[in-house]
file work_26.tsv (TSV, C-alpha atoms)
chain	number	residue	atom	x	y	z
A	1	MET	CA	0.00	0.00	0.00
A	2	ARG	CA	1.05	3.57	-0.55
A	3	PHE	CA	0.72	6.56	1.80
A	4	GLY	CA	0.76	10.16	0.62
A	5	VAL	CA	1.97	12.76	3.12
A	6	VAL	CA	0.95	16.34	2.41
A	7	ARG	CA	3.63	19.01	2.65
A	8	PHE	CA	2.47	22.61	3.13
A	9	PRO	CA	4.84	25.55	3.49
A	10	GLY	CA	5.42	25.45	7.25
A	11	SER	CA	4.83	21.72	7.74
A	12	CYS	CA	7.47	20.25	10.02
A	13	ASP	CA	6.47	16.64	10.75
A	14	GLU	CA	6.08	15.38	7.21
A	15	ARG	CA	9.49	13.64	7.27
A	16	ASP	CA	8.64	11.68	10.42
A	17	ALA	CA	5.21	10.80	9.02
A	18	LEU	CA	6.87	9.60	5.84
A	19	LEU	CA	9.39	7.49	7.76
A	20	ALA	CA	6.66	6.03	9.99
A	21	ALA	CA	4.48	5.15	7.00
A	22	ALA	CA	7.48	3.66	5.21
A	23	ARG	CA	7.76	1.08	7.99
A	24	VAL	CA	4.56	-0.56	6.78
A	25	GLY	CA	4.32	0.44	3.12
A	26	ASP	CA	5.47	2.89	0.50
A	27	ALA	CA	5.22	6.58	1.20
A	28	GLU	CA	5.62	9.76	-0.80
A	29	LEU	CA	5.21	13.48	-0.28
A	30	LEU	CA	2.29	15.37	-1.81
A	31	TRP	CA	3.05	19.04	-2.51
A	32	HIS	CA	0.37	21.49	-1.34
A	33	ALA	CA	0.13	23.25	-4.71
A	34	ASP	CA	-0.38	20.04	-6.67
A	35	PRO	CA	-3.95	18.69	-6.67
A	36	ASP	CA	-2.77	15.30	-7.96
A	37	LEU	CA	-2.80	12.68	-5.18
A	38	HIS	CA	-0.71	10.31	-7.35
A	39	GLY	CA	-3.06	7.40	-6.73
A	40	VAL	CA	-2.10	6.90	-3.07
A	41	ASP	CA	-4.19	4.58	-0.88
A	42	ALA	CA	-4.21	6.85	2.17
A	43	VAL	CA	-3.45	10.49	2.91
A	44	ILE	CA	-1.70	11.88	5.99
A	45	VAL	CA	-1.99	15.59	6.78
A	46	PRO	CA	0.99	16.11	9.10
A	47	GLY	CA	1.86	18.45	11.93
A	48	GLY	CA	3.57	21.80	11.73
A	49	PHE	CA	2.52	25.36	11.08
A	50	SER	CA	0.92	25.31	7.64
A	51	TYR	CA	1.10	28.73	5.98
A	52	GLY	CA	2.50	30.01	9.27
A	53	ASP	CA	-0.88	29.26	10.89
A	54	TYR	CA	-1.63	32.89	10.07
A	55	LEU	CA	-5.10	34.16	10.93
A	56	ARG	CA	-6.12	30.88	12.64
A	57	VAL	CA	-4.54	27.44	12.79
A	58	GLY	CA	-5.28	25.52	9.60
A	59	ALA	CA	-7.44	28.33	8.18
A	60	ILE	CA	-5.41	29.01	5.06
A	61	ALA	CA	-4.11	25.48	4.47
A	62	ARG	CA	-7.62	24.10	4.03
A	63	PHE	CA	-7.85	26.05	0.76
A	64	ALA	CA	-4.60	24.66	-0.69
A	65	PRO	CA	-5.06	22.99	-4.10
A	66	VAL	CA	-4.13	19.58	-2.66
A	67	MET	CA	-6.90	19.88	-0.07
A	68	ALA	CA	-9.66	20.00	-2.69
A	69	SER	CA	-8.46	16.56	-3.82
A	70	VAL	CA	-8.12	15.33	-0.22
A	71	LEU	CA	-11.75	16.37	0.39
A	72	ASP	CA	-12.93	14.40	-2.66
A	73	PHE	CA	-10.76	11.44	-1.64
A	74	ALA	CA	-12.23	11.48	1.89
A	75	ARG	CA	-15.81	11.75	0.64
A	76	GLU	CA	-15.24	8.69	-1.52
A	77	GLY	CA	-14.19	6.80	1.61
A	78	GLY	CA	-10.41	7.14	1.28
A	79	PRO	CA	-8.54	6.93	4.59
A	80	VAL	CA	-7.30	10.33	5.78
A	81	LEU	CA	-5.29	10.92	8.96
A	82	GLY	CA	-4.74	14.42	10.34
A	83	ILE	CA	-2.09	14.76	13.01
A	84	CYS	CA	-1.87	17.90	15.18
A	85	ASN	CA	-1.83	20.75	12.63
A	86	GLY	CA	-3.31	18.24	10.18
A	87	PHE	CA	-6.19	17.69	12.64
A	88	GLN	CA	-6.70	21.46	12.78
A	89	VAL	CA	-6.73	21.63	8.97
A	90	LEU	CA	-9.30	18.81	8.69
A	91	CYS	CA	-11.57	20.55	11.24
A	92	GLU	CA	-11.29	23.85	9.36
A	93	ALA	CA	-12.09	21.99	6.14
A	94	GLY	CA	-15.26	20.60	7.71
A	95	LEU	CA	-14.13	16.98	7.29
A	96	LEU	CA	-14.19	16.60	11.07
A	97	PRO	CA	-16.51	18.19	13.63
A	98	GLY	CA	-15.35	20.87	16.07
A	99	ALA	CA	-12.28	23.05	16.28
A	100	LEU	CA	-8.99	23.35	18.16
A	101	LEU	CA	-8.52	26.28	20.55
A	102	PRO	CA	-5.43	27.57	22.38
A	103	ASN	CA	-4.37	25.39	25.33
A	104	THR	CA	-5.97	26.50	28.58
A	105	SER	CA	-2.48	27.04	29.99
A	106	LEU	CA	-1.59	29.27	26.99
A	107	ARG	CA	1.67	27.32	26.96
A	108	PHE	CA	3.31	25.10	24.40
A	109	VAL	CA	3.17	21.55	25.76
A	110	CYS	CA	5.61	18.86	24.73
A	111	ARG	CA	5.35	15.59	26.62
A	112	GLN	CA	4.55	11.93	26.44
A	113	VAL	CA	0.86	11.28	27.20
A	114	GLU	CA	-1.28	8.19	27.69
A	115	VAL	CA	-4.33	7.98	25.49
A	116	GLU	CA	-7.10	5.41	25.52
A	117	VAL	CA	-8.60	3.95	22.38
A	118	VAL	CA	-12.28	4.32	23.27
A	119	ASN	CA	-13.81	3.40	19.95
A	120	PRO	CA	-11.61	1.27	17.71
A	121	ASP	CA	-14.52	-0.21	15.78
A	122	ARG	CA	-16.74	1.66	13.39
A	123	ALA	CA	-15.69	5.21	14.25
A	124	GLY	CA	-12.06	4.16	14.44
A	125	GLY	CA	-12.43	3.15	10.81
A	126	PRO	CA	-9.34	1.53	9.41
A	127	TRP	CA	-7.02	3.36	11.82
A	128	PHE	CA	-7.34	1.23	14.96
A	129	ARG	CA	-7.70	-2.32	13.62
A	130	ALA	CA	-4.57	-3.30	15.50
A	131	CYS	CA	-5.94	-1.95	18.81
A	132	ALA	CA	-8.41	-3.30	21.35
A	133	ARG	CA	-11.14	-1.19	22.96
A	134	GLY	CA	-9.73	0.42	26.09
A	135	GLU	CA	-6.15	-0.12	24.99
A	136	ARG	CA	-3.75	2.56	26.22
A	137	LEU	CA	-1.11	4.04	23.97
A	138	SER	CA	1.87	6.14	24.97
A	139	ILE	CA	2.33	8.89	22.35
A	140	PRO	CA	3.86	12.37	22.57
A	141	VAL	CA	1.98	15.65	22.14
A	142	LYS	CA	3.57	18.97	21.18
A	143	HIS	CA	1.29	21.89	20.52
A	144	THR	CA	-0.04	25.26	21.67
A	145	THR	CA	-3.48	24.99	20.08
A	146	GLY	CA	-4.83	21.59	21.00
A	147	ARG	CA	-7.89	22.24	23.15
A	148	TYR	CA	-10.62	20.35	21.35
A	149	PHE	CA	-14.04	21.95	21.32
A	150	ALA	CA	-17.29	20.94	19.66
A	151	PRO	CA	-20.52	22.90	20.13
A	152	PRO	CA	-23.23	20.99	22.02
A	153	GLY	CA	-24.85	18.38	19.79
A	154	GLU	CA	-22.18	18.61	17.07
A	155	LEU	CA	-20.16	15.58	18.13
A	156	PRO	CA	-21.90	12.21	18.48
A	157	GLU	CA	-20.35	10.14	21.26
A	158	GLU	CA	-19.39	7.33	18.88
A	159	GLN	CA	-17.11	9.68	16.92
A	160	ILE	CA	-14.88	10.17	19.95
A	161	VAL	CA	-12.14	7.68	19.17
A	162	LEU	CA	-9.27	8.64	21.46
A	163	ARG	CA	-9.24	10.15	24.95
A	164	TYR	CA	-6.44	11.33	27.21
A	165	VAL	CA	-6.26	9.05	30.23
A	166	PRO	CA	-7.46	10.94	33.37
A	167	GLY	CA	-4.70	13.26	34.52
A	168	HIS	CA	-3.03	13.33	31.10
A	169	ASN	CA	-5.15	15.99	29.37
A	170	PRO	CA	-2.41	18.45	28.34
A	171	ASN	CA	-4.55	21.25	26.88
A	172	GLY	CA	-7.99	21.47	28.51
A	173	SER	CA	-9.76	19.53	25.75
A	174	GLN	CA	-13.48	19.00	26.28
A	175	ASP	CA	-14.16	15.56	27.81
A	176	ASP	CA	-10.45	14.68	27.53
A	177	ILE	CA	-10.88	14.25	23.76
A	178	ALA	CA	-7.60	13.52	21.96
A	179	GLY	CA	-8.96	12.27	18.62
A	180	VAL	CA	-12.21	12.22	16.66
A	181	SER	CA	-13.42	10.66	13.44
A	182	ASN	CA	-16.01	11.51	10.82
A	183	PRO	CA	-19.28	9.51	10.98
A	184	GLU	CA	-17.94	6.92	8.51
A	185	GLY	CA	-14.65	6.48	10.37
A	186	ASN	CA	-12.35	6.85	7.36
A	187	VAL	CA	-11.21	10.33	8.44
A	188	LEU	CA	-9.38	10.57	11.76
A	189	GLY	CA	-7.86	13.57	13.49
A	190	LEU	CA	-5.74	13.51	16.63
A	191	MET	CA	-3.47	15.87	18.54
A	192	PRO	CA	-0.89	13.27	19.71
A	193	HIS	CA	1.83	12.36	17.22
A	194	PRO	CA	1.85	8.63	16.39
A	195	GLU	CA	4.61	9.26	13.83
A	196	HIS	CA	6.95	10.25	16.68
A	197	ALA	CA	6.29	6.97	18.51
A	198	VAL	CA	7.34	4.25	16.10
A	199	ASP	CA	10.61	3.09	17.63
A	200	PRO	CA	11.37	1.92	21.21
A	201	LEU	CA	14.53	4.02	20.97
A	202	THR	CA	12.43	7.17	21.42
A	203	GLY	CA	10.40	5.74	24.31
A	204	SER	CA	7.43	4.07	22.66
A	205	ALA	CA	6.46	2.31	19.45
A	206	ASP	CA	2.71	2.52	20.16
A	207	GLY	CA	2.13	5.02	17.37
A	208	LEU	CA	3.13	2.43	14.80
A	209	LYS	CA	-0.17	0.66	15.49
A	210	LEU	CA	-2.10	3.26	13.52
A	211	PHE	CA	0.04	2.67	10.46
A	212	GLU	CA	-0.10	-1.11	10.89
A	213	SER	CA	-3.88	-0.89	11.34
A	214	LEU	CA	-4.28	0.81	8.02
A	215	ASP	CA	-2.07	-1.70	6.29
A	216	ARG	CA	-4.12	-4.49	7.82
A	217	ALA	CA	-7.42	-2.82	6.81
A	218	LEU	CA	-6.42	-2.28	3.22
A	219	VAL	CA	-4.86	-5.69	2.70
A	220	ALA	CA	-7.87	-7.44	4.30
B	221	MET	CA	-13.56	51.35	0.88
B	222	LYS	CA	-12.02	50.61	4.23
B	223	ALA	CA	-13.69	48.00	6.42
B	224	LEU	CA	-13.03	46.63	9.87
B	225	VAL	CA	-13.89	43.12	10.94
B	226	LEU	CA	-13.96	42.56	14.70
B	227	ILE	CA	-13.60	38.92	15.67
B	228	ARG	CA	-14.16	37.62	19.19
B	229	PRO	CA	-14.39	34.22	20.83
B	230	LYS	CA	-18.02	33.07	21.02
B	231	ALA	CA	-19.81	33.55	24.32
B	232	GLY	CA	-19.38	30.50	26.50
B	233	ILE	CA	-16.00	29.54	25.04
B	234	LEU	CA	-13.20	29.77	27.57
B	235	ASP	CA	-10.81	32.56	26.57
B	236	PRO	CA	-7.60	31.98	28.55
B	237	GLN	CA	-6.00	35.05	26.99
B	238	GLY	CA	-8.80	37.26	28.26
B	239	ARG	CA	-8.54	35.61	31.65
B	240	ALA	CA	-4.79	36.27	31.84
B	241	VAL	CA	-5.35	39.94	30.99
B	242	GLN	CA	-8.16	40.15	33.55
B	243	ARG	CA	-5.82	38.79	36.23
B	244	ALA	CA	-3.04	41.17	35.24
B	245	LEU	CA	-5.09	44.38	35.50
B	246	PRO	CA	-5.84	44.37	39.26
B	247	ALA	CA	-2.16	43.67	39.89
B	248	LEU	CA	-1.50	47.04	38.23
B	249	GLY	CA	-4.09	48.83	40.33
B	250	PHE	CA	-7.00	48.66	37.86
B	251	GLU	CA	-9.82	47.36	40.02
B	252	GLY	CA	-13.34	46.39	39.06
B	253	VAL	CA	-12.57	44.69	35.75
B	254	ARG	CA	-15.21	41.98	35.64
B	255	ASP	CA	-14.64	40.35	32.27
B	256	VAL	CA	-12.05	40.49	29.49
B	257	ARG	CA	-12.33	38.83	26.09
B	258	VAL	CA	-9.47	39.11	23.62
B	259	GLY	CA	-10.24	38.95	19.90
B	260	ARG	CA	-8.77	40.12	16.61
B	261	LEU	CA	-9.23	43.05	14.31
B	262	VAL	CA	-8.88	42.67	10.55
B	263	GLU	CA	-8.58	45.87	8.53
B	264	LEU	CA	-9.41	45.58	4.86
B	265	GLU	CA	-9.49	47.83	1.85
B	266	VAL	CA	-12.24	46.33	-0.34
B	267	ASP	CA	-13.96	47.04	-3.64
B	268	GLU	CA	-16.97	44.84	-2.90
B	269	PRO	CA	-18.10	45.46	0.69
B	270	ASP	CA	-21.25	43.43	0.00
B	271	ARG	CA	-19.08	40.35	-0.03
B	272	LEU	CA	-17.64	40.96	3.46
B	273	PRO	CA	-20.05	38.59	5.24
B	274	GLU	CA	-19.09	35.83	2.78
B	275	MET	CA	-15.38	36.55	3.39
B	276	CYS	CA	-15.99	36.34	7.11
B	277	GLU	CA	-17.85	33.02	6.90
B	278	THR	CA	-15.35	31.48	4.49
B	279	LEU	CA	-11.95	32.51	5.73
B	280	LEU	CA	-11.74	35.34	8.24
B	281	THR	CA	-13.59	33.56	11.04
B	282	ASN	CA	-14.50	30.07	12.14
B	283	PRO	CA	-18.22	30.41	12.92
B	284	LEU	CA	-18.05	27.42	15.29
B	285	ILE	CA	-15.86	29.31	17.74
B	286	GLU	CA	-15.96	32.98	16.78
B	287	ASP	CA	-18.46	35.81	16.33
B	288	TYR	CA	-17.77	38.74	14.07
B	289	GLU	CA	-18.95	42.24	13.49
B	290	ILE	CA	-18.35	44.29	10.35
B	291	ARG	CA	-17.75	48.02	10.70
B	292	SER	CA	-17.03	50.37	7.85

call {"tool": "encode", "arguments": {"input": "work_26.tsv", "output": "structure tokens"}}
result
Amino acid sequence: MRFGVVRFPGSCDERDALLAAARVGDAELLWHADPDLHGVDAVIVPGGFSYGDYLRVGAIARFAPVMASVLDFAREGGPVLGICNGFQVLCEAGLLPGALLPNTSLRFVCRQVEVEVVNPDRAGGPWFRACARGERLSIPVKHTTGRYFAPPGELPEEQIVLRYVPGHNPNGSQDDIAGVSNPEGNVLGLMPHPEHAVDPLTGSADGLKLFESLDRALVA
Amino acid sequence: MKALVLIRPKAGILDPQGRAVQRALPALGFEGVRDVRVGRLVELEVDEPDRLPEMCETLLTNPLIEDYEIRS
């Protein structure tokens, strides 16, 4: 299988996402100005500061030429993963419910957190096939704007896929939400960085499970 | 024409920036400040002011989390 990793001006985690994806399949970069997705099987919108995050995080990136194709790809059921800034971009694009607000602490947080996979089944789509319900993953976060918010009634419970374990919420997210999916489950957004947790050398390889899950889902 | 778009966090959404400012003011001797909300101001020079609401809804604001007001 082949992953495409979007690169915007200001992205900074696309190399790690590429390397993580390359552990389970082929991976290539997709340039923001090129609407051609090169026939990839899954798209990753990585972390960073797309277009400088000017105006509002993800606000300008969602209108990049590549994003029009990512929207079509997602609507046809293609797997799309948004990590950190990628999550913010997918929310701005309306592919995922809610929005990300500045951390309650107003501080940049960078630490290992424990998250619980609360809904690996339908809402977890292809992204959590290798995980059990209630499984805990150790994955780092690093962000200033990660406080998840959805207006009342906008986020069905079953679309909450990932929660910070009690005491690990680093940003004041509503209901400890760390990751949400679209109703179909093929689009997933999360603040923690699974691409930074793929080798025991850096403390945890739990993040690799998302990439392995997708490989398993697409081969099955 | 020149237009101003005032953008503020929606009522009910925690605004930690506003809260930090609110805490700082009494420390400087400004008492009686009951609420502070910090937003943004976008100044535009536009040919088609009729399209300002559309600009606000599309790019300038995220209607889920922000309210806006157009002043010319």

call {"tool": "residues_around", "arguments": {"input": "work_26.tsv", "residues": "A:Asn169", "least_positions_apart": "3", "cutoff": "9 Å", "atoms": "only C-alpha atoms", "output": "list in words"}}
result
Val113, Glu114, Val115, Arg163, Tyr164, Val165, Pro166, Gly172, Ser173, Asp176, Ile177 and Ala178 of chain A

call {"tool": "closest_residue", "arguments": {"input": "work_26.tsv", "among": "A:Pro79, A:Gly153, A:Gly185, A:Gly58", "to": "B:Thr281", "atoms": "only C-alpha atoms"}}
result
A:Gly58

call {"tool": "residues_around", "arguments": {"input": "work_26.tsv", "residues": "stretch 251-258 of chain B", "least_positions_apart": "6", "cutoff": "8 Å", "atoms": "only C-alpha atoms", "output": "list in words"}}
result
Arg228, Pro229, Asp235, Gln237, Gly238, Arg239, Val241, Gln242 and Leu245 of chain B

call {"tool": "interface_residues", "arguments": {"input": "work_26.tsv", "of": "chain A", "to": "chain B", "cutoff": "12 Å", "atoms": "all atoms listed in the file", "output": "PDB file with C-alpha atoms, keeping the file's coordinate frame"}}
result
ATOM      1  CA  TYR A  54      -1.630  32.890  10.070  1.00  0.00           C
ATOM      2  CA  LEU A  55      -5.100  34.160  10.930  1.00  0.00           C
ATOM      3  CA  ARG A  56      -6.120  30.880  12.640  1.00  0.00           C
ATOM      4  CA  VAL A  57      -4.540  27.440  12.790  1.00  0.00           C
ATOM      5  CA  GLY A  58      -5.280  25.520   9.600  1.00  0.00           C
ATOM      6  CA  ALA A  59      -7.440  28.330   8.180  1.00  0.00           C
ATOM      7  CA  ILE A  60      -5.410  29.010   5.060  1.00  0.00           C
ATOM      8  CA  ALA A  61      -4.110  25.480   4.470  1.00  0.00           C
ATOM      9  CA  ARG A  62      -7.620  24.100   4.030  1.00  0.00           C
ATOM     10  CA  PHE A  63      -7.850  26.050   0.760  1.00  0.00           C
ATOM     11  CA  GLN A  88      -6.700  21.460  12.780  1.00  0.00           C
ATOM     12  CA  VAL A  89      -6.730  21.630   8.970  1.00  0.00           C
ATOM     13  CA  CYS A  91     -11.570  20.550  11.240  1.00  0.00           C
ATOM     14  CA  GLU A  92     -11.290  23.850   9.360  1.00  0.00           C
ATOM     15  CA  ALA A  93     -12.090  21.990   6.140  1.00  0.00           C
ATOM     16  CA  GLY A  94     -15.260  20.600   7.710  1.00  0.00           C
ATOM     17  CA  PRO A  97     -16.510  18.190  13.630  1.00  0.00           C
ATOM     18  CA  GLY A  98     -15.350  20.870  16.070  1.00  0.00           C
ATOM     19  CA  ALA A  99     -12.280  23.050  16.280  1.00  0.00           C
ATOM     20  CA  LEU A 100      -8.990  23.350  18.160  1.00  0.00           C
ATOM     21  CA  LEU A 101      -8.520  26.280  20.550  1.00  0.00           C
ATOM     22  CA  PRO A 102      -5.430  27.570  22.380  1.00  0.00           C
ATOM     23  CA  ASN A 103      -4.370  25.390  25.330  1.00  0.00           C
ATOM     24  CA  THR A 104      -5.970  26.500  28.580  1.00  0.00           C
ATOM     25  CA  SER A 105      -2.480  27.040  29.990  1.00  0.00           C
ATOM     26  CA  LEU A 106      -1.590  29.270  26.990  1.00  0.00           C
ATOM     27  CA  ARG A 107       1.670  27.320  26.960  1.00  0.00           C
ATOM     28  CA  THR A 145      -3.480  24.990  20.080  1.00  0.00           C
ATOM     29  CA  ARG A 147      -7.890  22.240  23.150  1.00  0.00           C
ATOM     30  CA  TYR A 148     -10.620  20.350  21.350  1.00  0.00           C
ATOM     31  CA  PHE A 149     -14.040  21.950  21.320  1.00  0.00           C
ATOM     32  CA  ALA A 150     -17.290  20.940  19.660  1.00  0.00           C
ATOM     33  CA  PRO A 151     -20.520  22.900  20.130  1.00  0.00           C
ATOM     34  CA  PRO A 152     -23.230  20.990  22.020  1.00  0.00           C
ATOM     35  CA  GLU A 154     -22.180  18.610  17.070  1.00  0.00           C
ATOM     36  CA  ASN A 171      -4.550  21.250  26.880  1.00  0.00           C
ATOM     37  CA  GLY A 172      -7.990  21.470  28.510  1.00  0.00           C
ATOM     38  CA  SER A 173      -9.760  19.530  25.750  1.00  0.00           C
ATOM     39  CA  GLN A 174     -13.480  19.000  26.280  1.00  0.00           C
TER      40      GLN A 174
END

call {"tool": "residues_near_point", "arguments": {"input": "work_26.tsv", "point": "(2.9, 12.1, 23.5)", "cutoff": "10 Å", "atoms": "only C-alpha atoms", "output": "PyMOL selection string"}}
result
chain A and resi 109-115+137-142+168+170+191-194+196-197+203-204+207

call {"tool": "residues_around", "arguments": {"input": "work_26.tsv", "residues": "stretch 16-21 of chain A", "least_positions_apart": "4", "cutoff": "12 Å", "atoms": "all atoms listed in the file", "output": "PyMOL selection string"}}
result
chain A and resi 1-7+11-12+25-30+41-48+81-84+86+193-199+205-215

call {"tool": "atom_distance", "arguments": {"input": "work_26.tsv", "atom1": "atom CA of A:Ala68", "atom2": "atom CA of B:Glu286"}}
result
24.2 Å

call {"tool": "atom_distance", "arguments": {"input": "work_26.tsv", "atom1": "atom CA of B:Val266", "atom2": "atom CA of B:Lys222"}}
result
6.3 Å

call {"tool": "atom_distance", "arguments": {"input": "work_26.tsv", "atom1": "atom CA of A:Cys131", "atom2": "atom CA of A:Asn85"}}
result
23.9 Å

call {"tool": "axis_aligned_box", "arguments": {"input": "work_26.tsv", "around": "stretch 242-260 of chain B", "padding_each_side": "3 Å", "output": "JSON"}}
result
{"center_x": -8.4, "center_y": 43.8, "center_z": 28.5, "size_x": 19.7, "size_y": 16.0, "size_z": 29.7}

call {"tool": "residues_around", "arguments": {"input": "work_26.tsv", "residues": "A:Phe49", "least_positions_apart": "2", "cutoff": "6 Å", "atoms": "only C-alpha atoms", "output": "list in words"}}
result
Gly10, Ser11, Gly52 and Asp53 of chain A
